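Participant: Below are the structure tokens for one structure; questions will follow.
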Amino acid sequence: MPTQALDNAFAAEGSPLLLPGGALLADAGEAVAALYRLTAGRLAEVEPTVEGGGRLLTVHRPGALIGGAQLLGDGLHHTTITALRDSELQAIPAARAAVLLGERPALLAEVARAALARLRTAPSPQQRRSSILGFVAIADSVALRDLVERLAIAMRALGAEVAVLGAEADDSSPAYLHALEVEHDFVLMAAERKDVDFATYSGRQIDRLILVADAETPLPEGPIGFATAAIRNQRLLDVIRVHPADSGRPQGSDPWLDAVPASRLFQIRQGDGPDLARLARIYTGNSVGLALSGGGARAYAHIGVARALAELGIPIDFVAGTSMGAVIAAGLAMGWEGPEMDRRIHAAFVDSSPLSDIAFPILAMTRGRMVDHRLETHFGDVQISDLWRPFTCVSTDLTVGGMRVHRRGSLRRALRASLSLPGVLPPVVEDGHVLVDGSLVRNLPVDLVREQHDGVTIGVDVSSADGLQPDDLLLKPSGWRWLASGAWLRGPPIVSVLIRSATMPSVTATALVRDDVVKITPRVSGVGLQDWKAYEMAADAGYRAAMALADQLSGLRR
């Protein structure tokens, strides 16, 4: 797009403006003070939300025009714009800019084109991607520079140009960092615990802050001083906990989410190549997320998909699921692979029906004790935040009428809530809220995975298969033989009606299909929603559906 008129206007009329990292350029509701052009640094534009806080719309990079659309409109900012790092701008006062727009048609046309381009184009992962990352050690025992150097090597293996800066770069100018960023895809700033001044300086230059602790690091006391308001408010903050190489499952991660305004928490083992490779994928935008839908016994197909992804060499970095899909996703987050996944799912669901403890239907058709026992057997007291892979599952909050997103707390209790199909399993009561099956509000939680990373998300939907047929409403075999044969252990036909009602494909789920989403739809019409014995048939359908997209999926191999 030609910018000659803009270049001329800013050269003749613009004044330089230095905005420190964390400083506010414009607040929602304010009158436009100037027409700005960003020349160095980063600006975060945030849309206020009804429930408080805000939603990150985009990260402005050098060359962005700020205030043009507002000057052509009502003259007010409707978003908040904050410097993510020390930034340099050119500014033309609003009154003078309005005069220039009236006098110069070419300038008006360029400002209008820029405003229309913003309206037409949704922010891409590339626009959201962080390119200057600040790693700050909060424990003396963490050899941060060594960790960051090894992470840089893993990022370079993915084709990225990466520079690493330590305290030797303290107090460098925004122009120096901008020049360094032009030459590299990513700049990693590494501040050891003793480098307090550099940590403070880095906090004003970065797109994302990453706090690094070891397994024994005490929780921070009070706010993180080097986290700017923009970093805190937009939750552009991660925590990495580094564990010994021979560590078992992490423990004690939930308190970190109380003490630090982090949006993500990662667990890695000291010197572990695969863990560093996972972080490299995440921070270069090459990570892979997996979202699994609910669908009763048809959700066994997810296991076949996971089997195919493993054969194709495609990593899974983030997992999420709803209802039965949440159980499979939790198994992947636990590290169950191949035979272990088969063995545990057989024990929990295939060998005997999990819904056979039929009860007088006051709250539900079953007592839910068998499901409770099986979840306890296979997931124990594991906390979600202590999993090696980030995990999310969904339940429906009947108390407030909305979605409950589970990213912390007891794993088995979150799964029990996500599985609690109304009328089949009793609800879960948590913190005064009544929680039931997540399929009612988000059967395919692709969006919840996408918001966690900038890579590609694979969504596996078993709810799009053919639904109930008239024969599915009949007792098979009929009459007393239904009881005598033991078929009652699967539950009466009403269970299938309830499952299908909850997992009907929705407009919302369809709208989630995007360029950065690969959707897999296994052909599981031959598997009944309560057909808990049809493990191999459903898993094979998932495997074949994934392998049919092998050419498309192979681009995700890292």
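Identifiers in this document derive from the order of the structure tokens: chains are assigned A, B, ..., residues are numbered from 1 separately in each chain, and ligands are numbered from 1 in order of occurrence.
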Which polymer residues have any atom within 10 Å of an atom of A:Ser263, counting only C-alpha atoms, with same-chain residues fewer than 3 positions away left out, as a PDB file with N, CA, C and O atoms, in the first residue's frame?
Facilitator:
```
ATOM      1  N   ARG A 232       0.952  -7.499  33.198  1.00  0.00           N
ATOM      2  CA  ARG A 232       0.043  -8.041  34.223  1.00  0.00           C
ATOM      3  C   ARG A 232      -1.400  -8.040  33.738  1.00  0.00           C
ATOM      4  O   ARG A 232      -2.111  -9.043  33.862  1.00  0.00           O
ATOM      5  N   GLN A 234      -2.731  -7.925  30.743  1.00  0.00           N
ATOM      6  CA  GLN A 234      -3.039  -8.806  29.616  1.00  0.00           C
ATOM      7  C   GLN A 234      -2.595 -10.241  29.872  1.00  0.00           C
ATOM      8  O   GLN A 234      -2.702 -11.081  28.984  1.00  0.00           O
ATOM      9  N   ARG A 235      -2.081 -10.489  31.081  1.00  0.00           N
ATOM     10  CA  ARG A 235      -1.643 -11.828  31.477  1.00  0.00           C
ATOM     11  C   ARG A 235      -0.664 -12.399  30.450  1.00  0.00           C
ATOM     12  O   ARG A 235      -0.741 -13.583  30.093  1.00  0.00           O
ATOM     13  N   LEU A 236       0.256 -11.558  30.006  1.00  0.00           N
ATOM     14  CA  LEU A 236       1.307 -11.997  29.087  1.00  0.00           C
ATOM     15  C   LEU A 236       2.490 -12.484  29.912  1.00  0.00           C
ATOM     16  O   LEU A 236       3.616 -11.994  29.806  1.00  0.00           O
ATOM     17  N   LEU A 237       2.218 -13.452  30.754  1.00  0.00           N
ATOM     18  CA  LEU A 237       3.194 -13.917  31.730  1.00  0.00           C
ATOM     19  C   LEU A 237       3.076 -15.425  31.869  1.00  0.00           C
ATOM     20  O   LEU A 237       1.978 -15.960  32.045  1.00  0.00           O
ATOM     21  N   ASP A 238       4.221 -16.101  31.761  1.00  0.00           N
ATOM     22  CA  ASP A 238       4.283 -17.546  31.939  1.00  0.00           C
ATOM     23  C   ASP A 238       5.139 -17.864  33.150  1.00  0.00           C
ATOM     24  O   ASP A 238       5.995 -17.066  33.556  1.00  0.00           O
ATOM     25  N   VAL A 239       4.952 -19.044  33.707  1.00  0.00           N
ATOM     26  CA  VAL A 239       5.827 -19.586  34.748  1.00  0.00           C
ATOM     27  C   VAL A 239       6.376 -20.917  34.242  1.00  0.00           C
ATOM     28  O   VAL A 239       5.620 -21.752  33.726  1.00  0.00           O
ATOM     29  N   LEU A 257      -0.335 -20.226  40.724  1.00  0.00           N
ATOM     30  CA  LEU A 257      -1.375 -19.540  39.961  1.00  0.00           C
ATOM     31  C   LEU A 257      -2.134 -18.541  40.826  1.00  0.00           C
ATOM     32  O   LEU A 257      -2.789 -17.640  40.293  1.00  0.00           O
ATOM     33  N   VAL A 260       0.934 -15.504  41.223  1.00  0.00           N
ATOM     34  CA  VAL A 260       1.449 -14.839  40.021  1.00  0.00           C
ATOM     35  C   VAL A 260       0.325 -14.737  38.998  1.00  0.00           C
ATOM     36  O   VAL A 260      -0.379 -15.733  38.758  1.00  0.00           O
ATOM     37  N   GLU A 451      -6.538 -20.232  22.363  1.00  0.00           N
ATOM     38  CA  GLU A 451      -6.166 -19.064  23.150  1.00  0.00           C
ATOM     39  C   GLU A 451      -4.920 -19.313  23.990  1.00  0.00           C
ATOM     40  O   GLU A 451      -4.340 -18.384  24.551  1.00  0.00           O
ATOM     41  N   GLN A 452      -4.475 -20.573  24.066  1.00  0.00           N
ATOM     42  CA  GLN A 452      -3.287 -20.900  24.845  1.00  0.00           C
ATOM     43  C   GLN A 452      -1.996 -20.854  24.025  1.00  0.00           C
ATOM     44  O   GLN A 452      -0.906 -20.834  24.589  1.00  0.00           O
TER      45      GLN A 452
END
```
Participant: Tell me which protein, DNA and RNA residues are within 7 Å of stretch 379-389 of chain A, counting only C-alpha atoms, leaving out same-chain ones fewer than 4 positions away, and put them as number ranges by chain.
Facilitator: A: 249-251, 253-254, 267, 317-318, 333-334, 375, 407-412
Participant: How would the residues just picked look written out with N, CA, C and O atoms as a PDB file, in the first residue's frame?
Facilitator:
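Result saved to result_1.pdb:
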```pdb
ATOM      1  N   ARG A 249       5.992 -36.998  39.109  1.00  0.00           N
ATOM      2  CA  ARG A 249       5.028 -35.965  38.767  1.00  0.00           C
ATOM      3  C   ARG A 249       5.232 -34.733  39.633  1.00  0.00           C
ATOM      4  O   ARG A 249       5.469 -34.835  40.822  1.00  0.00           O
ATOM      5  N   PRO A 250       5.171 -33.522  39.031  1.00  0.00           N
ATOM      6  CA  PRO A 250       5.305 -32.295  39.818  1.00  0.00           C
ATOM      7  C   PRO A 250       4.216 -32.189  40.882  1.00  0.00           C
ATOM      8  O   PRO A 250       3.154 -32.815  40.780  1.00  0.00           O
ATOM      9  N   GLN A 251       4.481 -31.366  41.878  1.00  0.00           N
ATOM     10  CA  GLN A 251       3.509 -31.114  42.933  1.00  0.00           C
ATOM     11  C   GLN A 251       3.541 -29.641  43.312  1.00  0.00           C
ATOM     12  O   GLN A 251       4.533 -28.943  43.094  1.00  0.00           O
ATOM     13  N   SER A 253       1.792 -26.908  42.281  1.00  0.00           N
ATOM     14  CA  SER A 253       1.783 -25.837  41.269  1.00  0.00           C
ATOM     15  C   SER A 253       0.621 -24.866  41.438  1.00  0.00           C
ATOM     16  O   SER A 253       0.730 -23.701  41.044  1.00  0.00           O
ATOM     17  N   ASP A 254      -0.494 -25.311  41.982  1.00  0.00           N
ATOM     18  CA  ASP A 254      -1.665 -24.433  42.104  1.00  0.00           C
ATOM     19  C   ASP A 254      -1.371 -23.127  42.848  1.00  0.00           C
ATOM     20  O   ASP A 254      -1.846 -22.059  42.425  1.00  0.00           O
ATOM     21  N   GLN A 267       5.834 -27.201  32.969  1.00  0.00           N
ATOM     22  CA  GLN A 267       6.705 -28.055  33.767  1.00  0.00           C
ATOM     23  C   GLN A 267       7.756 -28.675  32.846  1.00  0.00           C
ATOM     24  O   GLN A 267       7.407 -29.246  31.812  1.00  0.00           O
ATOM     25  N   ASP A 317       1.224 -30.625  22.267  1.00  0.00           N
ATOM     26  CA  ASP A 317       1.754 -29.723  23.284  1.00  0.00           C
ATOM     27  C   ASP A 317       0.693 -29.213  24.246  1.00  0.00           C
ATOM     28  O   ASP A 317       1.007 -28.883  25.393  1.00  0.00           O
ATOM     29  N   PHE A 318      -0.548 -29.105  23.802  1.00  0.00           N
ATOM     30  CA  PHE A 318      -1.663 -28.663  24.637  1.00  0.00           C
ATOM     31  C   PHE A 318      -2.836 -29.606  24.368  1.00  0.00           C
ATOM     32  O   PHE A 318      -3.064 -29.989  23.219  1.00  0.00           O
ATOM     33  N   ALA A 333      -2.417 -36.026  28.784  1.00  0.00           N
ATOM     34  CA  ALA A 333      -1.699 -35.080  29.640  1.00  0.00           C
ATOM     35  C   ALA A 333      -0.950 -35.806  30.758  1.00  0.00           C
ATOM     36  O   ALA A 333       0.093 -35.326  31.226  1.00  0.00           O
ATOM     37  N   MET A 334      -1.460 -36.955  31.186  1.00  0.00           N
ATOM     38  CA  MET A 334      -0.790 -37.761  32.203  1.00  0.00           C
ATOM     39  C   MET A 334       0.434 -38.484  31.644  1.00  0.00           C
ATOM     40  O   MET A 334       1.258 -38.996  32.393  1.00  0.00           O
ATOM     41  N   LEU A 375     -12.403 -43.025  38.159  1.00  0.00           N
ATOM     42  CA  LEU A 375     -11.595 -41.812  38.024  1.00  0.00           C
ATOM     43  C   LEU A 375     -10.540 -41.742  39.122  1.00  0.00           C
ATOM     44  O   LEU A 375      -9.390 -41.356  38.867  1.00  0.00           O
ATOM     45  N   ARG A 407      -8.691 -25.401  34.570  1.00  0.00           N
ATOM     46  CA  ARG A 407      -7.256 -25.436  34.276  1.00  0.00           C
ATOM     47  C   ARG A 407      -6.428 -25.578  35.554  1.00  0.00           C
ATOM     48  O   ARG A 407      -5.213 -25.445  35.507  1.00  0.00           O
ATOM     49  N   ARG A 408      -7.083 -25.826  36.644  1.00  0.00           N
ATOM     50  CA  ARG A 408      -6.405 -26.014  37.917  1.00  0.00           C
ATOM     51  C   ARG A 408      -7.331 -26.796  38.830  1.00  0.00           C
ATOM     52  O   ARG A 408      -8.479 -27.070  38.491  1.00  0.00           O
ATOM     53  N   GLY A 409      -6.831 -27.182  40.009  1.00  0.00           N
ATOM     54  CA  GLY A 409      -7.640 -27.967  40.932  1.00  0.00           C
ATOM     55  C   GLY A 409      -7.544 -29.451  40.639  1.00  0.00           C
ATOM     56  O   GLY A 409      -6.740 -29.914  39.821  1.00  0.00           O
ATOM     57  N   SER A 410      -8.379 -30.219  41.306  1.00  0.00           N
ATOM     58  CA  SER A 410      -8.369 -31.676  41.190  1.00  0.00           C
ATOM     59  C   SER A 410      -8.737 -32.123  39.781  1.00  0.00           C
ATOM     60  O   SER A 410      -9.790 -31.751  39.250  1.00  0.00           O
ATOM     61  N   LEU A 411      -7.879 -32.948  39.180  1.00  0.00           N
ATOM     62  CA  LEU A 411      -8.132 -33.435  37.823  1.00  0.00           C
ATOM     63  C   LEU A 411      -9.360 -34.329  37.791  1.00  0.00           C
ATOM     64  O   LEU A 411     -10.243 -34.146  36.940  1.00  0.00           O
ATOM     65  N   ARG A 412      -9.444 -35.283  38.711  1.00  0.00           N
ATOM     66  CA  ARG A 412     -10.569 -36.221  38.622  1.00  0.00           C
ATOM     67  C   ARG A 412     -11.901 -35.537  38.930  1.00  0.00           C
ATOM     68  O   ARG A 412     -12.935 -35.905  38.373  1.00  0.00           O
TER      69      ARG A 412
END
```
Participant: Residues near A:Tyr176, anyone? I mean within 12 Å using only C-alpha atoms, not counting same-chain ones fewer than 2 positions away, as a PyMOL selection string.
Facilitator: chain A and resi 40-41+86-88+169-174+178-183+187+205
Participant: Measuring between only C-alpha atoms, which one of A:Ala262, A:Ala534, A:Leu71, A:Ala414 shows the shortest distance to A:Leu35?
Facilitator: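 Result for the nearest residue to A:Leu35: A:Leu71.
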Participant: Please list as a ChimeraX atom specification every residue within 12 Å of A:Gly555, counting only C-alpha atoms and excluding residues in the same chain fewer than 2 positions away.
Facilitator: /A:286-288,309,312-315,455-456,518,549-553,557-558
Participant: Residues near stretch 240-247 of chain A, anyone? I mean within 8 Å using only C-alpha atoms, not counting same-chain ones fewer than 5 positions away, as a list in words.
Facilitator: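 Here the qualifying residues turn out to be Val142, Ile210, Leu211, Val212, Ala213, Asp214, Ala215, Leu265, Phe266, Gln267, Ile268, Arg269, Gln270, Gly271 and Asp272 of chain A.
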Participant: Can you spit out the residues from that selection as a compact mmCIF listing (two decimals), in the first residue's frame, using all heavy atoms?
Facilitator:
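Output file again05.txt is given in full below:
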```
# COMPACT_ATOMS: atom_id res chain seq x y z
N VAL A 142 18.66 -21.78 39.71
CA VAL A 142 18.36 -21.91 38.28
C VAL A 142 19.49 -21.28 37.47
O VAL A 142 19.75 -20.07 37.60
CB VAL A 142 17.02 -21.24 37.94
CG1 VAL A 142 16.78 -21.25 36.43
CG2 VAL A 142 15.87 -21.93 38.65
N ILE A 210 8.56 -14.40 31.27
CA ILE A 210 8.59 -15.79 31.69
C ILE A 210 9.39 -15.90 32.98
O ILE A 210 10.61 -15.64 32.98
CB ILE A 210 9.19 -16.72 30.62
CG1 ILE A 210 8.37 -16.65 29.32
CG2 ILE A 210 9.24 -18.16 31.12
CD1 ILE A 210 8.98 -15.83 28.24
N LEU A 211 8.74 -16.22 34.08
CA LEU A 211 9.41 -16.43 35.35
C LEU A 211 9.87 -17.87 35.44
O LEU A 211 9.10 -18.80 35.14
CB LEU A 211 8.46 -16.12 36.52
CG LEU A 211 7.84 -14.73 36.57
CD1 LEU A 211 6.94 -14.60 37.79
CD2 LEU A 211 8.91 -13.65 36.58
N VAL A 212 11.13 -18.08 35.85
CA VAL A 212 11.70 -19.43 35.89
C VAL A 212 12.07 -19.76 37.33
O VAL A 212 12.83 -19.03 37.98
CB VAL A 212 12.93 -19.54 34.98
CG1 VAL A 212 13.45 -20.99 34.97
CG2 VAL A 212 12.59 -19.10 33.56
N ALA A 213 11.52 -20.86 37.83
CA ALA A 213 11.77 -21.30 39.20
C ALA A 213 12.13 -22.78 39.18
O ALA A 213 11.93 -23.47 38.17
CB ALA A 213 10.53 -21.08 40.07
N ASP A 214 12.68 -23.27 40.29
CA ASP A 214 12.87 -24.72 40.38
C ASP A 214 11.77 -25.30 41.27
O ASP A 214 10.88 -24.58 41.74
CB ASP A 214 14.27 -25.07 40.87
CG ASP A 214 14.53 -24.62 42.31
OD1 ASP A 214 13.55 -24.27 43.03
OD2 ASP A 214 15.71 -24.61 42.72
N ALA A 215 11.84 -26.61 41.50
CA ALA A 215 10.76 -27.29 42.22
C ALA A 215 10.67 -26.84 43.67
O ALA A 215 9.61 -26.98 44.30
CB ALA A 215 10.98 -28.79 42.15
N LEU A 265 1.40 -22.14 32.75
CA LEU A 265 2.42 -22.70 33.62
C LEU A 265 2.96 -23.96 32.96
O LEU A 265 2.19 -24.85 32.60
CB LEU A 265 1.84 -23.00 35.00
CG LEU A 265 2.83 -23.42 36.10
CD1 LEU A 265 2.33 -22.98 37.47
CD2 LEU A 265 3.07 -24.93 36.11
N PHE A 266 4.27 -24.02 32.78
CA PHE A 266 4.91 -25.16 32.11
C PHE A 266 5.82 -25.89 33.09
O PHE A 266 6.51 -25.26 33.91
CB PHE A 266 5.72 -24.69 30.90
CG PHE A 266 4.91 -23.95 29.87
CD1 PHE A 266 5.24 -22.67 29.49
CD2 PHE A 266 3.80 -24.55 29.27
CE1 PHE A 266 4.50 -21.98 28.55
CE2 PHE A 266 3.04 -23.87 28.33
CZ PHE A 266 3.40 -22.59 27.96
N GLN A 267 5.83 -27.20 32.97
CA GLN A 267 6.71 -28.06 33.77
C GLN A 267 7.76 -28.67 32.85
O GLN A 267 7.41 -29.25 31.81
CB GLN A 267 5.89 -29.18 34.43
CG GLN A 267 4.58 -28.76 35.07
CD GLN A 267 4.76 -28.20 36.46
OE1 GLN A 267 5.88 -28.06 36.95
NE2 GLN A 267 3.66 -27.85 37.13
N ILE A 268 9.04 -28.55 33.22
CA ILE A 268 10.09 -29.19 32.43
C ILE A 268 11.07 -29.87 33.38
O ILE A 268 11.16 -29.55 34.56
CB ILE A 268 10.86 -28.20 31.53
CG1 ILE A 268 11.66 -27.19 32.36
CG2 ILE A 268 9.89 -27.47 30.60
CD1 ILE A 268 12.60 -26.33 31.52
N ARG A 269 11.82 -30.84 32.84
CA ARG A 269 12.87 -31.51 33.60
C ARG A 269 14.24 -30.99 33.19
O ARG A 269 14.46 -30.69 32.01
CB ARG A 269 12.78 -33.03 33.36
CG ARG A 269 11.62 -33.68 34.08
CD ARG A 269 11.18 -34.95 33.41
NE ARG A 269 10.40 -34.65 32.21
CZ ARG A 269 9.31 -35.31 31.82
NH1 ARG A 269 8.86 -36.30 32.57
NH2 ARG A 269 8.68 -34.99 30.71
N GLN A 270 15.12 -30.86 34.15
CA GLN A 270 16.45 -30.33 33.90
C GLN A 270 17.16 -31.15 32.82
O GLN A 270 17.28 -32.36 32.91
CB GLN A 270 17.28 -30.38 35.21
CG GLN A 270 18.67 -29.80 35.08
CD GLN A 270 18.64 -28.30 34.86
OE1 GLN A 270 17.87 -27.59 35.50
NE2 GLN A 270 19.50 -27.81 33.99
N GLY A 271 17.60 -30.45 31.77
CA GLY A 271 18.37 -31.11 30.71
C GLY A 271 17.56 -32.01 29.81
O GLY A 271 18.13 -32.75 29.00
N ASP A 272 16.24 -31.97 29.90
CA ASP A 272 15.40 -32.86 29.10
C ASP A 272 15.19 -32.28 27.70
O ASP A 272 14.58 -31.22 27.55
CB ASP A 272 14.05 -33.08 29.78
CG ASP A 272 13.21 -34.14 29.08
OD1 ASP A 272 13.37 -35.32 29.42
OD2 ASP A 272 12.42 -33.77 28.19
```
Participant: For A:Val148, please output as JSON, numbers by chain all residues within 9 Å (counting only C-alpha atoms; exclusion window: fewer than 6 positions along the same chain).
Facilitator: {"A": [135, 164, 188, 189, 190]}
Participant: Using all heavy atoms, can you export the residues from the last selection as a tab-separated table (two decimals), in the first residue's frame?
Facilitator:
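Okay, selection_28.tsv is ready:
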```tsv
chain	number	residue	atom	x	y	z
A	135	PHE	N	13.11	-13.72	30.10
A	135	PHE	CA	13.21	-14.82	31.06
A	135	PHE	C	13.89	-14.29	32.31
A	135	PHE	O	15.00	-13.75	32.25
A	135	PHE	CB	14.02	-15.97	30.47
A	135	PHE	CG	13.36	-16.65	29.31
A	135	PHE	CD1	13.45	-16.12	28.03
A	135	PHE	CD2	12.65	-17.83	29.48
A	135	PHE	CE1	12.84	-16.73	26.95
A	135	PHE	CE2	12.03	-18.46	28.40
A	135	PHE	CZ	12.12	-17.91	27.15
A	164	VAL	N	20.35	-13.98	21.96
A	164	VAL	CA	20.22	-14.06	23.42
A	164	VAL	C	20.98	-12.89	24.03
A	164	VAL	O	22.14	-12.64	23.69
A	164	VAL	CB	20.77	-15.39	23.96
A	164	VAL	CG1	20.66	-15.43	25.49
A	164	VAL	CG2	20.01	-16.57	23.35
A	188	LEU	N	15.82	-13.24	23.02
A	188	LEU	CA	15.58	-13.78	24.35
A	188	LEU	C	16.44	-13.00	25.35
A	188	LEU	O	17.67	-12.99	25.24
A	188	LEU	CB	15.92	-15.27	24.42
A	188	LEU	CG	15.37	-16.16	23.30
A	188	LEU	CD1	15.71	-17.63	23.57
A	188	LEU	CD2	13.87	-15.99	23.15
A	189	MET	N	15.80	-12.35	26.31
A	189	MET	CA	16.52	-11.59	27.34
A	189	MET	C	16.53	-12.44	28.61
A	189	MET	O	15.47	-12.84	29.10
A	189	MET	CB	15.85	-10.24	27.56
A	189	MET	CG	15.73	-9.42	26.29
A	189	MET	SD	14.99	-7.76	26.52
A	189	MET	CE	16.39	-6.89	27.21
A	190	ALA	N	17.73	-12.72	29.12
A	190	ALA	CA	17.88	-13.64	30.25
A	190	ALA	C	18.44	-12.89	31.45
A	190	ALA	O	19.60	-12.45	31.43
A	190	ALA	CB	18.80	-14.79	29.86
```
Participant: Write out as a count of residues only the residues lying within 12 Å of A:Gly289, counting only C-alpha atoms and excluding same-chain residues fewer than 5 positions away.
Facilitator: 41
Participant: From a DSSP pass on the backbone, collect the residues of stretch 290-356 of chain A flagged as helix (DSSP H, G or I) and hand them back as a ChimeraX atom specification.
Facilitator: /A:296-311,324-334,339-350
Participant: Could you jot down the atom CA of A:His378 to atom CA of A:Thr399 separation for me, Å, one decimal place?
Facilitator: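 Atom-to-atom, atom CA of A:His378 and atom CA of A:Thr399 are spaced 29.2 Å apart.
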Participant: Which distance in Å separates atom CA of A:Gly73 and atom CA of A:Ala115, to one decimal?
Facilitator: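 Atom-to-atom, atom CA of A:Gly73 to atom CA of A:Ala115, that is 10.2 Å.
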Participant: Using DSSP assignments from the backbone, pull out every residue in stretch 193-356 of chain A that falls under strand (DSSP E or B) and give it to me as a PyMOL selection string.
Facilitator: chain A and resi 208-214+237-243+264-269+288-292+318-322
Participant: Would you save the residues from that selection as a CSV table (one decimal), in the first residue's frame, using N, CA and C atoms?
Facilitator:
```csv
chain,number,residue,atom,x,y,z
A,208,ARG,N,6.5,-10.7,26.3
A,208,ARG,CA,6.0,-11.7,27.2
A,208,ARG,C,7.1,-11.9,28.3
A,209,LEU,N,6.6,-12.0,29.5
A,209,LEU,CA,7.5,-12.3,30.7
A,209,LEU,C,7.4,-13.7,31.1
A,210,ILE,N,8.6,-14.4,31.3
A,210,ILE,CA,8.6,-15.8,31.7
A,210,ILE,C,9.4,-15.9,33.0
A,211,LEU,N,8.7,-16.2,34.1
A,211,LEU,CA,9.4,-16.4,35.4
A,211,LEU,C,9.9,-17.9,35.4
A,212,VAL,N,11.1,-18.1,35.9
A,212,VAL,CA,11.7,-19.4,35.9
A,212,VAL,C,12.1,-19.8,37.3
A,213,ALA,N,11.5,-20.9,37.8
A,213,ALA,CA,11.8,-21.3,39.2
A,213,ALA,C,12.1,-22.8,39.2
A,214,ASP,N,12.7,-23.3,40.3
A,214,ASP,CA,12.9,-24.7,40.4
A,214,ASP,C,11.8,-25.3,41.3
A,237,LEU,N,2.2,-13.5,30.8
A,237,LEU,CA,3.2,-13.9,31.7
A,237,LEU,C,3.1,-15.4,31.9
A,238,ASP,N,4.2,-16.1,31.8
A,238,ASP,CA,4.3,-17.5,31.9
A,238,ASP,C,5.1,-17.9,33.2
A,239,VAL,N,5.0,-19.0,33.7
A,239,VAL,CA,5.8,-19.6,34.7
A,239,VAL,C,6.4,-20.9,34.2
A,240,ILE,N,7.7,-21.1,34.4
A,240,ILE,CA,8.3,-22.4,34.0
A,240,ILE,C,8.9,-22.9,35.3
A,241,ARG,N,8.5,-24.1,35.7
A,241,ARG,CA,9.1,-24.8,36.9
A,241,ARG,C,10.0,-25.9,36.4
A,242,VAL,N,11.3,-25.8,36.8
A,242,VAL,CA,12.3,-26.7,36.4
A,242,VAL,C,12.5,-27.8,37.5
A,243,HIS,N,12.3,-29.1,37.1
A,243,HIS,CA,12.4,-30.2,38.1
A,243,HIS,C,13.7,-31.0,37.8
A,264,ARG,N,-0.1,-19.1,31.7
A,264,ARG,CA,0.3,-20.4,31.4
A,264,ARG,C,1.4,-20.9,32.4
A,265,LEU,N,1.4,-22.1,32.8
A,265,LEU,CA,2.4,-22.7,33.6
A,265,LEU,C,3.0,-24.0,33.0
A,266,PHE,N,4.3,-24.0,32.8
A,266,PHE,CA,4.9,-25.2,32.1
A,266,PHE,C,5.8,-25.9,33.1
A,267,GLN,N,5.8,-27.2,33.0
A,267,GLN,CA,6.7,-28.1,33.8
A,267,GLN,C,7.8,-28.7,32.8
A,268,ILE,N,9.0,-28.5,33.2
A,268,ILE,CA,10.1,-29.2,32.4
A,268,ILE,C,11.1,-29.9,33.4
A,269,ARG,N,11.8,-30.8,32.8
A,269,ARG,CA,12.9,-31.5,33.6
A,269,ARG,C,14.2,-31.0,33.2
A,288,VAL,N,1.5,-27.6,18.8
A,288,VAL,CA,0.3,-28.3,18.3
A,288,VAL,C,-0.6,-28.5,19.5
A,289,GLY,N,-1.9,-28.1,19.3
A,289,GLY,CA,-2.9,-28.3,20.3
A,289,GLY,C,-3.9,-29.4,19.8
A,290,LEU,N,-4.5,-30.1,20.8
A,290,LEU,CA,-5.5,-31.1,20.4
A,290,LEU,C,-6.7,-30.9,21.3
A,291,ALA,N,-7.9,-30.8,20.6
A,291,ALA,CA,-9.2,-30.6,21.3
A,291,ALA,C,-10.0,-31.8,20.9
A,292,LEU,N,-10.6,-32.5,22.0
A,292,LEU,CA,-11.4,-33.7,21.8
A,292,LEU,C,-12.8,-33.5,22.2
A,318,PHE,N,-0.5,-29.1,23.8
A,318,PHE,CA,-1.7,-28.7,24.6
A,318,PHE,C,-2.8,-29.6,24.4
A,319,VAL,N,-3.6,-30.0,25.4
A,319,VAL,CA,-4.7,-30.8,25.2
A,319,VAL,C,-5.9,-30.3,25.9
A,320,ALA,N,-7.1,-30.5,25.4
A,320,ALA,CA,-8.4,-30.1,26.0
A,320,ALA,C,-9.4,-31.1,25.6
A,321,GLY,N,-10.5,-31.2,26.4
A,321,GLY,CA,-11.5,-32.1,26.0
A,321,GLY,C,-12.8,-31.8,26.8
A,322,THR,N,-13.9,-32.4,26.3
A,322,THR,CA,-15.2,-32.2,26.9
A,322,THR,C,-15.8,-33.6,27.2
```
Participant: For A:Glu30, which residue out of A:Arg42, A:Thr217, A:Gln4, A:Asp74 is the nearest one, using only C-alpha atoms?
Facilitator: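 Of the candidates, the smallest distance to A:Glu30 is held by A:Asp74.
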Participant: Using only C-alpha atoms, which of A:Phe186, A:Tyr535, A:Tyr283, A:Phe226 sits nearest A:Ile345?
Facilitator: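 Once distances to A:Ile345 are computed over only C-alpha atoms, the minimum belongs to A:Tyr535.
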Participant: If I take atom CA of A:Asp540 and atom CA of A:Val524, how far is one from the other in Å, to one decimal?
Facilitator: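 Computed distance, atom CA of A:Asp540 to atom CA of A:Val524, equals 9.4 Å.
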